[in-house]
file query-v3.pdb (PDB, C-alpha atoms)
ATOM      1  CA  MET Q 139      -7.845 -34.031  22.379  1.00  0.00           C
ATOM      2  CA  SER Q 140      -5.050 -34.178  24.956  1.00  0.00           C
ATOM      3  CA  TRP Q 141      -3.028 -31.196  26.121  1.00  0.00           C
ATOM      4  CA  PHE Q 142      -0.151 -32.540  24.031  1.00  0.00           C
ATOM      5  CA  GLY Q 143      -2.348 -32.092  20.964  1.00  0.00           C
ATOM      6  CA  ILE Q 144      -3.785 -28.731  22.018  1.00  0.00           C
ATOM      7  CA  LEU Q 145      -0.461 -27.154  23.032  1.00  0.00           C
ATOM      8  CA  PRO Q 146       0.969 -26.806  19.492  1.00  0.00           C
ATOM      9  CA  VAL Q 147      -2.274 -25.168  18.349  1.00  0.00           C
ATOM     10  CA  LEU Q 148      -2.193 -22.708  21.241  1.00  0.00           C
ATOM     11  CA  MET Q 149       1.450 -21.920  20.505  1.00  0.00           C
ATOM     12  CA  TRP Q 150       0.630 -21.276  16.830  1.00  0.00           C
ATOM     13  CA  LEU Q 151      -2.247 -18.986  17.769  1.00  0.00           C
ATOM     14  CA  ALA Q 152      -0.037 -17.062  20.173  1.00  0.00           C
ATOM     15  CA  GLN Q 153       2.639 -16.641  17.532  1.00  0.00           C
ATOM     16  CA  SER Q 154       0.134 -15.590  14.867  1.00  0.00           C
ATOM     17  CA  GLN Q 155      -1.260 -12.870  17.137  1.00  0.00           C
ATOM     18  CA  THR Q 156       2.149 -11.513  18.135  1.00  0.00           C
ATOM     19  CA  PRO Q 157       2.496  -8.019  16.623  1.00  0.00           C
ATOM     20  CA  LEU Q 158       5.355  -7.438  14.244  1.00  0.00           C
ATOM     21  CA  PHE Q 159       7.954  -5.132  15.780  1.00  0.00           C
ATOM     22  CA  LEU Q 160      10.371  -3.117  13.661  1.00  0.00           C
ATOM     23  CA  GLU Q 161      13.331  -1.233  15.106  1.00  0.00           C
ATOM     24  CA  ASN Q 162      14.439   1.818  13.125  1.00  0.00           C
ATOM     25  CA  ASP Q 163      18.254   1.722  13.047  1.00  0.00           C
ATOM     26  CA  GLY Q 164      18.596   4.154  10.166  1.00  0.00           C
ATOM     27  CA  GLN Q 165      18.517   1.444   7.503  1.00  0.00           C
ATOM     28  CA  ALA Q 166      15.500   0.490   5.415  1.00  0.00           C
ATOM     29  CA  MET Q 167      13.103  -1.610   7.491  1.00  0.00           C
ATOM     30  CA  HIS Q 168      11.738  -4.830   5.964  1.00  0.00           C
ATOM     31  CA  LEU Q 169       8.287  -6.119   6.840  1.00  0.00           C
ATOM     32  CA  LYS Q 170       8.428  -9.823   7.559  1.00  0.00           C
ATOM     33  CA  PHE Q 171       6.288 -11.836   5.159  1.00  0.00           C
ATOM     34  CA  GLU Q 172       6.316 -15.565   4.523  1.00  0.00           C
ATOM     35  CA  CYS Q 173       4.214 -16.557   1.517  1.00  0.00           C
ATOM     36  CA  THR Q 174       2.479 -19.906   1.952  1.00  0.00           C
ATOM     37  CA  GLY Q 175       0.940 -22.334  -0.495  1.00  0.00           C
ATOM     38  CA  GLU Q 176      -2.470 -21.277   0.821  1.00  0.00           C
ATOM     39  CA  ASP Q 177      -1.648 -17.642   0.008  1.00  0.00           C
ATOM     40  CA  MET Q 178      -0.718 -18.537  -3.563  1.00  0.00           C
ATOM     41  CA  THR Q 179      -3.809 -20.680  -4.059  1.00  0.00           C
ATOM     42  CA  ALA Q 180      -6.154 -18.025  -2.680  1.00  0.00           C
ATOM     43  CA  ALA Q 181      -4.578 -15.335  -4.864  1.00  0.00           C
ATOM     44  CA  GLY Q 182      -4.471 -17.543  -7.961  1.00  0.00           C
ATOM     45  CA  LEU Q 183      -0.688 -17.234  -8.228  1.00  0.00           C
ATOM     46  CA  ASP Q 184       1.484 -19.532 -10.327  1.00  0.00           C
ATOM     47  CA  CYS Q 185       4.845 -19.080  -8.621  1.00  0.00           C
ATOM     48  CA  THR Q 186       7.745 -21.516  -8.808  1.00  0.00           C
ATOM     49  CA  ALA Q 187      11.271 -21.723  -7.453  1.00  0.00           C
ATOM     50  CA  ASP Q 188      12.555 -20.906 -10.944  1.00  0.00           C
ATOM     51  CA  GLU Q 189      10.048 -18.089 -11.477  1.00  0.00           C
ATOM     52  CA  PRO Q 190       9.068 -16.671  -8.076  1.00  0.00           C
ATOM     53  CA  CYS Q 191       6.488 -13.900  -7.677  1.00  0.00           C
ATOM     54  CA  PRO Q 192       7.939 -10.778  -6.029  1.00  0.00           C
ATOM     55  CA  VAL Q 193       5.919  -9.345  -3.149  1.00  0.00           C
ATOM     56  CA  PHE Q 194       5.820  -5.574  -2.632  1.00  0.00           C
ATOM     57  CA  LEU Q 195       4.849  -3.246   0.195  1.00  0.00           C
ATOM     58  CA  GLU Q 196       2.542  -0.351  -0.628  1.00  0.00           C
ATOM     59  CA  LEU Q 197       2.075   2.479   1.882  1.00  0.00           C
ATOM     60  CA  SER Q 198      -0.870   4.707   1.020  1.00  0.00           C
ATOM     61  CA  GLY Q 199      -1.995   6.559   4.147  1.00  0.00           C
ATOM     62  CA  ILE Q 200      -0.431   8.408   7.057  1.00  0.00           C
ATOM     63  CA  GLU Q 201      -2.006  10.095  10.091  1.00  0.00           C
ATOM     64  CA  THR Q 202      -1.174  11.181  13.627  1.00  0.00           C
ATOM     65  CA  ALA Q 203      -3.206  11.022  16.836  1.00  0.00           C
ATOM     66  CA  GLY Q 204      -1.272  12.813  19.549  1.00  0.00           C
ATOM     67  CA  ALA Q 205       2.038  10.995  19.909  1.00  0.00           C
ATOM     68  CA  LYS Q 206       0.858   8.066  17.779  1.00  0.00           C
ATOM     69  CA  LEU Q 207       1.707   7.740  14.109  1.00  0.00           C
ATOM     70  CA  PHE Q 208      -0.188   5.374  11.804  1.00  0.00           C
ATOM     71  CA  LEU Q 209       0.616   4.067   8.324  1.00  0.00           C
ATOM     72  CA  THR Q 210      -1.763   2.093   6.099  1.00  0.00           C
ATOM     73  CA  GLY Q 211      -1.305  -0.010   2.992  1.00  0.00           C
ATOM     74  CA  ASN Q 212      -0.996  -3.562   1.717  1.00  0.00           C
ATOM     75  CA  LEU Q 213       1.271  -6.353   0.554  1.00  0.00           C
ATOM     76  CA  HIS Q 214       0.800  -7.336  -3.076  1.00  0.00           C
ATOM     77  CA  THR Q 215       2.303  -9.064  -6.096  1.00  0.00           C
ATOM     78  CA  GLN Q 216       2.079  -7.680  -9.619  1.00  0.00           C
ATOM     79  CA  THR Q 217      -1.334  -9.303 -10.013  1.00  0.00           C
ATOM     80  CA  ALA Q 218      -2.865  -9.844  -6.572  1.00  0.00           C
ATOM     81  CA  THR Q 219      -3.411  -8.098  -3.235  1.00  0.00           C
ATOM     82  CA  LEU Q 220      -2.294 -10.452  -0.462  1.00  0.00           C
ATOM     83  CA  TYR Q 221      -2.752  -8.742   2.922  1.00  0.00           C
ATOM     84  CA  SER Q 222      -3.580  -5.427   4.542  1.00  0.00           C
ATOM     85  CA  ILE Q 223      -0.950  -3.498   6.482  1.00  0.00           C
ATOM     86  CA  LEU Q 224      -1.468  -1.219   9.493  1.00  0.00           C
ATOM     87  CA  LEU Q 225       1.631   0.122  11.245  1.00  0.00           C
ATOM     88  CA  GLU Q 226       1.790   2.177  14.439  1.00  0.00           C
ATOM     89  CA  SER Q 227       4.626   4.109  16.070  1.00  0.00           C
ATOM     90  CA  THR Q 228       4.405   5.659  19.531  1.00  0.00           C
ATOM     91  CA  ASP Q 229       7.984   6.973  19.684  1.00  0.00           C
ATOM     92  CA  GLY Q 230       8.361   9.309  16.734  1.00  0.00           C
ATOM     93  CA  ALA Q 231       9.147   6.613  14.117  1.00  0.00           C
ATOM     94  CA  ARG Q 232      11.982   5.037  16.106  1.00  0.00           C
ATOM     95  CA  SER Q 233      10.035   1.759  16.048  1.00  0.00           C
ATOM     96  CA  PHE Q 234       6.848   0.369  14.527  1.00  0.00           C
ATOM     97  CA  ALA Q 235       4.402  -2.383  15.446  1.00  0.00           C
ATOM     98  CA  GLU Q 236       1.336  -3.908  13.824  1.00  0.00           C
ATOM     99  CA  PRO Q 237      -1.579  -3.290  16.218  1.00  0.00           C
ATOM    100  CA  GLU Q 238      -3.971  -5.510  14.232  1.00  0.00           C
ATOM    101  CA  PRO Q 239      -3.568  -8.817  12.360  1.00  0.00           C
ATOM    102  CA  ARG Q 240      -3.225  -8.576   8.590  1.00  0.00           C
ATOM    103  CA  MET Q 241      -6.446  -9.165   6.658  1.00  0.00           C
ATOM    104  CA  HIS Q 242      -6.327 -11.477   3.659  1.00  0.00           C
ATOM    105  CA  ALA Q 243      -6.921  -9.912   0.198  1.00  0.00           C
ATOM    106  CA  VAL Q 244      -7.637  -6.508   1.773  1.00  0.00           C
ATOM    107  CA  THR Q 245      -6.088  -3.108   1.174  1.00  0.00           C
ATOM    108  CA  LEU Q 246      -6.180  -0.247   3.689  1.00  0.00           C
ATOM    109  CA  ASP Q 247      -6.073   3.191   2.084  1.00  0.00           C
ATOM    110  CA  GLN Q 248      -6.834   6.618   3.553  1.00  0.00           C
ATOM    111  CA  ILE Q 249      -6.811   7.316   7.285  1.00  0.00           C
ATOM    112  CA  GLN Q 250      -8.222  10.151   9.382  1.00  0.00           C
ATOM    113  CA  PHE Q 251      -8.334  10.739  13.133  1.00  0.00           C
ATOM    114  CA  VAL Q 252     -11.144  13.137  14.044  1.00  0.00           C
ATOM    115  CA  ASP Q 253      -9.771  13.487  17.578  1.00  0.00           C
ATOM    116  CA  LEU Q 254      -7.277  11.628  19.739  1.00  0.00           C
ATOM    117  CA  GLN Q 255      -9.634   8.687  20.180  1.00  0.00           C
ATOM    118  CA  THR Q 256     -11.740   8.374  17.023  1.00  0.00           C
ATOM    119  CA  GLY Q 257     -10.138   7.250  13.786  1.00  0.00           C
ATOM    120  CA  TYR Q 258     -11.316   5.914  10.427  1.00  0.00           C
ATOM    121  CA  ILE Q 259      -9.457   3.934   7.749  1.00  0.00           C
ATOM    122  CA  SER Q 260     -10.997   3.196   4.354  1.00  0.00           C
ATOM    123  CA  GLY Q 261     -10.534  -0.291   2.967  1.00  0.00           C
ATOM    124  CA  TRP Q 262     -11.951  -2.971   0.691  1.00  0.00           C
ATOM    125  CA  THR Q 263     -11.386  -6.522  -0.462  1.00  0.00           C
ATOM    126  CA  VAL Q 264      -9.590  -7.142  -3.766  1.00  0.00           C
ATOM    127  CA  SER Q 265     -10.507 -10.514  -5.282  1.00  0.00           C
ATOM    128  CA  PRO Q 266      -9.557  -9.645  -7.993  1.00  0.00           C
ATOM    129  CA  LEU Q 267     -11.704  -6.495  -8.349  1.00  0.00           C
ATOM    130  CA  PRO Q 268     -12.500  -4.143  -5.447  1.00  0.00           C
ATOM    131  CA  ARG Q 269     -15.575  -5.122  -3.425  1.00  0.00           C
ATOM    132  CA  ASP Q 270     -17.090  -4.913   0.068  1.00  0.00           C
ATOM    133  CA  PRO Q 271     -15.820  -1.409   0.929  1.00  0.00           C
ATOM    134  CA  PHE Q 272     -15.621  -0.764   4.666  1.00  0.00           C
ATOM    135  CA  PHE Q 273     -14.243   1.488   7.357  1.00  0.00           C
ATOM    136  CA  PHE Q 274     -11.808   0.232   9.963  1.00  0.00           C
ATOM    137  CA  VAL Q 275     -12.850   2.208  13.033  1.00  0.00           C
ATOM    138  CA  THR Q 276     -11.279   2.880  16.421  1.00  0.00           C
ATOM    139  CA  GLY Q 277     -12.785   4.686  19.376  1.00  0.00           C
ATOM    140  CA  ASP Q 278      -9.883   4.212  21.784  1.00  0.00           C
ATOM    141  CA  GLY Q 279      -6.981   5.849  20.032  1.00  0.00           C
ATOM    142  CA  GLY Q 280      -6.002   2.836  17.952  1.00  0.00           C
ATOM    143  CA  LYS Q 281      -5.901   0.223  20.704  1.00  0.00           C
ATOM    144  CA  THR Q 282      -8.655  -1.747  18.958  1.00  0.00           C
ATOM    145  CA  TRP Q 283     -10.163  -1.555  15.475  1.00  0.00           C
ATOM    146  CA  ASN Q 284     -13.476  -2.833  14.091  1.00  0.00           C
ATOM    147  CA  LYS Q 285     -14.915  -3.166  10.582  1.00  0.00           C
ATOM    148  CA  ARG Q 286     -18.012  -1.223   9.570  1.00  0.00           C
ATOM    149  CA  PHE Q 287     -19.129  -2.128   6.064  1.00  0.00           C
ATOM    150  CA  LEU Q 288     -20.446   0.595   3.810  1.00  0.00           C
ATOM    151  CA  PHE Q 289     -23.170  -1.645   2.359  1.00  0.00           C
ATOM    152  CA  GLU Q 290     -25.360  -4.164   4.162  1.00  0.00           C
ATOM    153  CA  GLU Q 291     -24.771  -6.833   1.525  1.00  0.00           C
ATOM    154  CA  GLY Q 292     -21.666  -7.686  -0.447  1.00  0.00           C
ATOM    155  CA  LYS Q 293     -21.223  -5.259  -3.322  1.00  0.00           C
ATOM    156  CA  ALA Q 294     -18.483  -4.238  -5.739  1.00  0.00           C
ATOM    157  CA  GLY Q 295     -16.806  -0.928  -5.058  1.00  0.00           C
ATOM    158  CA  ALA Q 296     -13.899   1.021  -3.624  1.00  0.00           C
ATOM    159  CA  ILE Q 297     -13.733   4.195  -1.543  1.00  0.00           C
ATOM    160  CA  ASP Q 298     -12.281   7.099  -3.541  1.00  0.00           C
ATOM    161  CA  GLN Q 299     -12.317   9.707  -0.777  1.00  0.00           C
ATOM    162  CA  PHE Q 300     -13.863  10.320   2.616  1.00  0.00           C
ATOM    163  CA  ARG Q 301     -13.843  12.842   5.425  1.00  0.00           C
ATOM    164  CA  PHE Q 302     -15.407  13.011   8.879  1.00  0.00           C
ATOM    165  CA  SER Q 303     -16.257  16.429  10.320  1.00  0.00           C
ATOM    166  CA  SER Q 304     -16.937  14.943  13.769  1.00  0.00           C
ATOM    167  CA  PRO Q 305     -16.718  11.521  15.436  1.00  0.00           C
ATOM    168  CA  THR Q 306     -20.163  10.709  13.981  1.00  0.00           C
ATOM    169  CA  ALA Q 307     -20.718  12.855  10.853  1.00  0.00           C
ATOM    170  CA  GLY Q 308     -18.969  11.825   7.652  1.00  0.00           C
ATOM    171  CA  ILE Q 309     -19.150  11.763   3.875  1.00  0.00           C
ATOM    172  CA  VAL Q 310     -17.718   9.241   1.428  1.00  0.00           C
ATOM    173  CA  LEU Q 311     -17.290   9.057  -2.347  1.00  0.00           C
ATOM    174  CA  VAL Q 312     -17.529   5.514  -3.740  1.00  0.00           C
ATOM    175  CA  ASP Q 313     -16.817   4.015  -7.154  1.00  0.00           C
ATOM    176  CA  THR Q 314     -18.883   0.848  -7.681  1.00  0.00           C
ATOM    177  CA  GLY Q 315     -17.479   0.182 -11.146  1.00  0.00           C
ATOM    178  CA  SER Q 316     -20.923  -0.258 -12.749  1.00  0.00           C
ATOM    179  CA  CYS Q 317     -23.917   1.834 -13.877  1.00  0.00           C
ATOM    180  CA  MET Q 318     -24.219   5.085 -11.880  1.00  0.00           C
ATOM    181  CA  ARG Q 319     -20.877   4.041 -10.477  1.00  0.00           C
ATOM    182  CA  HIS Q 320     -19.962   7.299  -8.700  1.00  0.00           C
ATOM    183  CA  GLN Q 321     -21.908   7.665  -5.464  1.00  0.00           C
ATOM    184  CA  ILE Q 322     -21.824   9.939  -2.419  1.00  0.00           C
ATOM    185  CA  TYR Q 323     -23.059   8.709   0.962  1.00  0.00           C
ATOM    186  CA  GLU Q 324     -23.434  10.444   4.323  1.00  0.00           C
ATOM    187  CA  THR Q 325     -23.476   9.092   7.875  1.00  0.00           C
ATOM    188  CA  ARG Q 326     -24.596  10.649  11.141  1.00  0.00           C
ATOM    189  CA  ASP Q 327     -23.774   7.725  13.424  1.00  0.00           C
ATOM    190  CA  GLY Q 328     -20.072   7.097  12.837  1.00  0.00           C
ATOM    191  CA  GLY Q 329     -20.481   4.824   9.835  1.00  0.00           C
ATOM    192  CA  SER Q 330     -22.971   2.332  11.250  1.00  0.00           C
ATOM    193  CA  ASN Q 331     -25.479   3.512   8.630  1.00  0.00           C
ATOM    194  CA  TRP Q 332     -24.960   5.369   5.345  1.00  0.00           C
ATOM    195  CA  ALA Q 333     -27.536   7.269   3.262  1.00  0.00           C
ATOM    196  CA  LEU Q 334     -27.118   7.757  -0.496  1.00  0.00           C
ATOM    197  CA  GLN Q 335     -27.045  11.481  -1.363  1.00  0.00           C
ATOM    198  CA  HIS Q 336     -26.084  11.522  -5.035  1.00  0.00           C
ATOM    199  CA  GLU Q 337     -25.059   9.161  -7.831  1.00  0.00           C
ATOM    200  CA  SER Q 338     -23.841   9.675 -11.368  1.00  0.00           C
ATOM    201  CA  GLU Q 339     -22.326   7.896 -14.351  1.00  0.00           C
ATOM    202  CA  SER Q 340     -19.750  10.703 -14.523  1.00  0.00           C
ATOM    203  CA  PRO Q 341     -17.133  11.477 -11.852  1.00  0.00           C
ATOM    204  CA  ILE Q 342     -18.426  13.535  -8.924  1.00  0.00           C
ATOM    205  CA  PRO Q 343     -16.190  16.233  -7.392  1.00  0.00           C
ATOM    206  CA  PHE Q 344     -15.613  15.523  -3.716  1.00  0.00           C
ATOM    207  CA  PRO Q 345     -17.475  18.232  -1.708  1.00  0.00           C
ATOM    208  CA  ARG Q 346     -14.562  19.490   0.339  1.00  0.00           C
ATOM    209  CA  ASP Q 347     -16.522  22.493   1.620  1.00  0.00           C
ATOM    210  CA  ARG Q 348     -18.469  20.003   3.756  1.00  0.00           C
ATOM    211  CA  SER Q 349     -15.406  18.282   5.116  1.00  0.00           C
ATOM    212  CA  ALA Q 350     -13.322  18.779   8.192  1.00  0.00           C
ATOM    213  CA  GLY Q 351      -9.850  20.207   8.020  1.00  0.00           C
ATOM    214  CA  GLY Q 352      -7.004  17.807   7.387  1.00  0.00           C
ATOM    215  CA  SER Q 353      -4.214  16.852   9.723  1.00  0.00           C
ATOM    216  CA  ASP Q 354      -1.346  19.211  10.430  1.00  0.00           C
ATOM    217  CA  GLN Q 355       0.669  17.542   7.657  1.00  0.00           C
ATOM    218  CA  ALA Q 356       3.717  17.265   9.899  1.00  0.00           C
ATOM    219  CA  TRP Q 357       4.459  13.867   8.358  1.00  0.00           C
ATOM    220  CA  ARG Q 358       4.461  12.569   4.799  1.00  0.00           C
ATOM    221  CA  ILE Q 359       5.448   9.499   2.757  1.00  0.00           C
ATOM    222  CA  ARG Q 360       7.265   9.565  -0.548  1.00  0.00           C
ATOM    223  CA  THR Q 361       8.847   6.914  -2.746  1.00  0.00           C
ATOM    224  CA  ASP Q 362      12.554   6.886  -3.544  1.00  0.00           C
ATOM    225  CA  ALA Q 363      13.007   5.099  -6.864  1.00  0.00           C
ATOM    226  CA  LYS Q 364      16.799   5.033  -6.520  1.00  0.00           C
ATOM    227  CA  THR Q 365      16.810   3.106  -3.226  1.00  0.00           C
ATOM    228  CA  LYS Q 366      13.451   1.356  -3.855  1.00  0.00           C
ATOM    229  CA  THR Q 367      12.121   2.477  -0.497  1.00  0.00           C
ATOM    230  CA  TYR Q 368       9.322   4.465   1.045  1.00  0.00           C
ATOM    231  CA  VAL Q 369      10.749   7.458   2.891  1.00  0.00           C
ATOM    232  CA  LEU Q 370       8.858   8.712   5.930  1.00  0.00           C
ATOM    233  CA  GLU Q 371       9.599  12.407   6.473  1.00  0.00           C
ATOM    234  CA  LYS Q 372       8.802  14.874   9.237  1.00  0.00           C
ATOM    235  CA  GLN Q 373       8.528  18.612   8.764  1.00  0.00           C
ATOM    236  CA  GLU Q 374      10.777  20.680  11.019  1.00  0.00           C
ATOM    237  CA  ASP Q 375      11.526  24.393  10.546  1.00  0.00           C
ATOM    238  CA  ASN Q 376       9.900  24.337   7.090  1.00  0.00           C
ATOM    239  CA  ARG Q 377      12.148  21.468   6.017  1.00  0.00           C
ATOM    240  CA  TRP Q 378      11.256  17.852   5.363  1.00  0.00           C
ATOM    241  CA  LEU Q 379      13.698  15.573   7.170  1.00  0.00           C
ATOM    242  CA  PRO Q 380      13.856  11.774   6.718  1.00  0.00           C
ATOM    243  CA  ALA Q 381      12.728   9.867   9.812  1.00  0.00           C
ATOM    244  CA  ALA Q 382      12.428   6.264   8.565  1.00  0.00           C
ATOM    245  CA  ARG Q 383      12.633   4.086   5.475  1.00  0.00           C
ATOM    246  CA  PHE Q 384      10.701   0.988   4.461  1.00  0.00           C
ATOM    247  CA  SER Q 385      11.860  -1.385   1.763  1.00  0.00           C
ATOM    248  CA  ILE Q 386       9.336  -1.743  -1.063  1.00  0.00           C
ATOM    249  CA  SER Q 387      10.465  -5.325  -1.536  1.00  0.00           C
ATOM    250  CA  ALA Q 388       8.773  -7.622   1.001  1.00  0.00           C
ATOM    251  CA  GLY Q 389       9.816 -11.074  -0.218  1.00  0.00           C
ATOM    252  CA  VAL Q 390       8.672 -13.620  -2.801  1.00  0.00           C
ATOM    253  CA  CYS Q 391       6.083 -16.310  -3.329  1.00  0.00           C
ATOM    254  CA  LYS Q 392       7.435 -19.548  -4.784  1.00  0.00           C
ATOM    255  CA  GLY Q 393       6.391 -23.150  -4.965  1.00  0.00           C
TER     256      GLY Q 393
END
call {"tool": "encode", "arguments": {"input": "query-v3.pdb", "output": "structure tokens"}}
result
Amino acid sequence: MSWFGILPVLMWLAQSQTPLFLENDGQAMHLKFECTGEDMTAAGLDCTADEPCPVFLELSGIETAGAKLFLTGNLHTQTATLYSILLESTDGARSFAEPEPRMHAVTLDQIQFVDLQTGYISGWTVSPLPRDPFFFVTGDGGKTWNKRFLFEEGKAGAIDQFRFSSPTAGIVLVDTGSCMRHQIYETRDGGSNWALQHESESPIPFPRDRSAGGSDQAWRIRTDAKTKTYVLEKQEDNRWLPAARFSISAGVCKG
């Protein structure tokens, strides 16, 4: 292939790896999303120009690591999860970027930083039911992230709760959706290996007495039904003050 043929491919790759950048000007920020025919086919969507499928942003987790602020979630329609979302701000929510490419049919849920360098995000694939639960792990303060699957082989399940008490010691509660569906696992090596501790057909209370303390809760996310936005708030002088807004609407899929 000549350079004339390779160049467009290289340009597409460069564009696809360019992090999204959002500037907070006080108005609701909109995540850019362009639904393709491949997205609709993979998600089993029947969307037309006359009856498009709305796409929504869901923000589910929030955590700080020093001056860095992270938000987790996904983009979804009413029937399908399309892509994962990981947002990062290094300037107190004045702007946001996506440090990692979006993962197809994946949701990112809870997030915890054990220290300034080590962080864990729970996630799983949705196609259409939850399966292949994993942890998205960073050891350099969020500069890079890597998947560590909870199970060696593909298996149905989603992570209900987790907590790490150190960079290596953690506990996770999983719902596999089948017989003895509620399971607790422990790790001593940062999630590279997990050992089953308990399983039950009935819900298992999460053993919080074995967990580490949470974050300082200086930030929180809430939904505003009136404006159809997520409101990011920061606690100052015992008051919660709005710092940023994200539009719940993220676009449409249509043929």
call {"tool": "residues_near_point", "arguments": {"input": "query-v3.pdb", "point": "(13.4, -7.8, 13.9)", "cutoff": "12 Å", "atoms": "only C-alpha atoms", "output": "MDAnalysis selection string"}}
result
chainID Q and resid 157:163 167:171 233:235
call {"tool": "atom_distance", "arguments": {"input": "query-v3.pdb", "atom1": "CA of Gly204 (chain Q)", "atom2": "CA of Lys281 (chain Q)"}}
result
13.5 Å
call {"tool": "resolve_selection", "arguments": {"input": "query-v3.pdb", "expression": "the PyMOL selection byres ((chain Q and resi 263-278) around 6)", "output": "ChimeraX atom specification"}}
result
/Q:243-244,255-262,279-288,292-296
call {"tool": "closest_residue", "arguments": {"input": "query-v3.pdb", "among": "Q:Arg301, Q:Ser338, Q:Val369, Q:Cys391", "to": "Arg319 (chain Q)", "atoms": "only C-alpha atoms"}}
result
Q:Ser338
call {"tool": "resolve_selection", "arguments": {"input": "query-v3.pdb", "expression": "the PyMOL selection byres ((chain Q and resi 192-199) around 9)", "output": "ChimeraX atom specification"}}
result
/Q:169,171,173,190-191,200-201,208-216,220,223,246-250,259,358-359,368,384-392
call {"tool": "resolve_selection", "arguments": {"input": "query-v3.pdb", "expression": "the PyMOL selection byres ((chain Q and resi 303-306) around 12)", "output": "NGL selection string"}}
result
:Q and (250-258 or 275-278 or 300-302 or 307-310 or 324-332 or 346-352)
call {"tool": "atom_distance", "arguments": {"input": "query-v3.pdb", "atom1": "CA of Thr174 (chain Q)", "atom2": "CA of Ser222 (chain Q)"}}
result
15.9 Å
call {"tool": "residues_near_point", "arguments": {"input": "query-v3.pdb", "point": "(8.9, 8.1, 11.8)", "cutoff": "6 Å", "atoms": "all atoms listed in the file", "output": "VMD selection string"}}
result
chain Q and resid 230 to 231 370 381 to 382
call {"tool": "closest_residue", "arguments": {"input": "query-v3.pdb", "among": "Q:Ala166, Q:Gly315, Q:His320, Q:Asp229", "to": "Asp362 (chain Q)", "atoms": "only C-alpha atoms"}}
result
Q:Ala166
call {"tool": "closest_residue", "arguments": {"input": "query-v3.pdb", "among": "Q:Thr361, Q:Gln321, Q:Thr217, Q:Gln355", "to": "Gln373 (chain Q)", "atoms": "only C-alpha atoms"}}
result
Q:Gln355
call {"tool": "decode", "arguments": {"input": "query-v3.pdb", "residues": "region 296-316 of chain Q", "atoms": "C-alpha atoms", "output": "mmCIF file, in the first residue's frame"}}
result
data_model
loop_
_atom_site.group_PDB
_atom_site.id
_atom_site.type_symbol
_atom_site.label_atom_id
_atom_site.label_comp_id
_atom_site.auth_asym_id
_atom_site.auth_seq_id
_atom_site.Cartn_x
_atom_site.Cartn_y
_atom_site.Cartn_z
ATOM 1 C CA ALA Q 296 -21.861 -7.563 37.501
ATOM 2 C CA ILE Q 297 -20.000 -5.971 40.405
ATOM 3 C CA ASP Q 298 -22.401 -4.771 43.112
ATOM 4 C CA GLN Q 299 -19.830 -3.231 45.448
ATOM 5 C CA PHE Q 300 -16.105 -3.252 46.085
ATOM 6 C CA ARG Q 301 -13.513 -1.663 48.323
ATOM 7 C CA PHE Q 302 -9.725 -1.771 48.526
ATOM 8 C CA SER Q 303 -8.075 -1.281 51.919
ATOM 9 C CA SER Q 304 -4.621 -0.945 50.329
ATOM 10 C CA PRO Q 305 -3.155 -0.864 46.811
ATOM 11 C CA THR Q 306 -3.205 -4.691 46.816
ATOM 12 C CA ALA Q 307 -5.899 -5.886 49.269
ATOM 13 C CA GLY Q 308 -9.520 -5.700 48.169
ATOM 14 C CA ILE Q 309 -12.952 -7.266 48.443
ATOM 15 C CA VAL Q 310 -15.755 -7.408 45.889
ATOM 16 C CA LEU Q 311 -19.413 -8.448 45.923
ATOM 17 C CA VAL Q 312 -20.610 -9.933 42.619
ATOM 18 C CA ASP Q 313 -24.038 -10.865 41.284
ATOM 19 C CA THR Q 314 -23.745 -13.603 38.641
ATOM 20 C CA GLY Q 315 -27.483 -13.749 37.985
ATOM 21 C CA SER Q 316 -27.671 -17.550 38.365
#
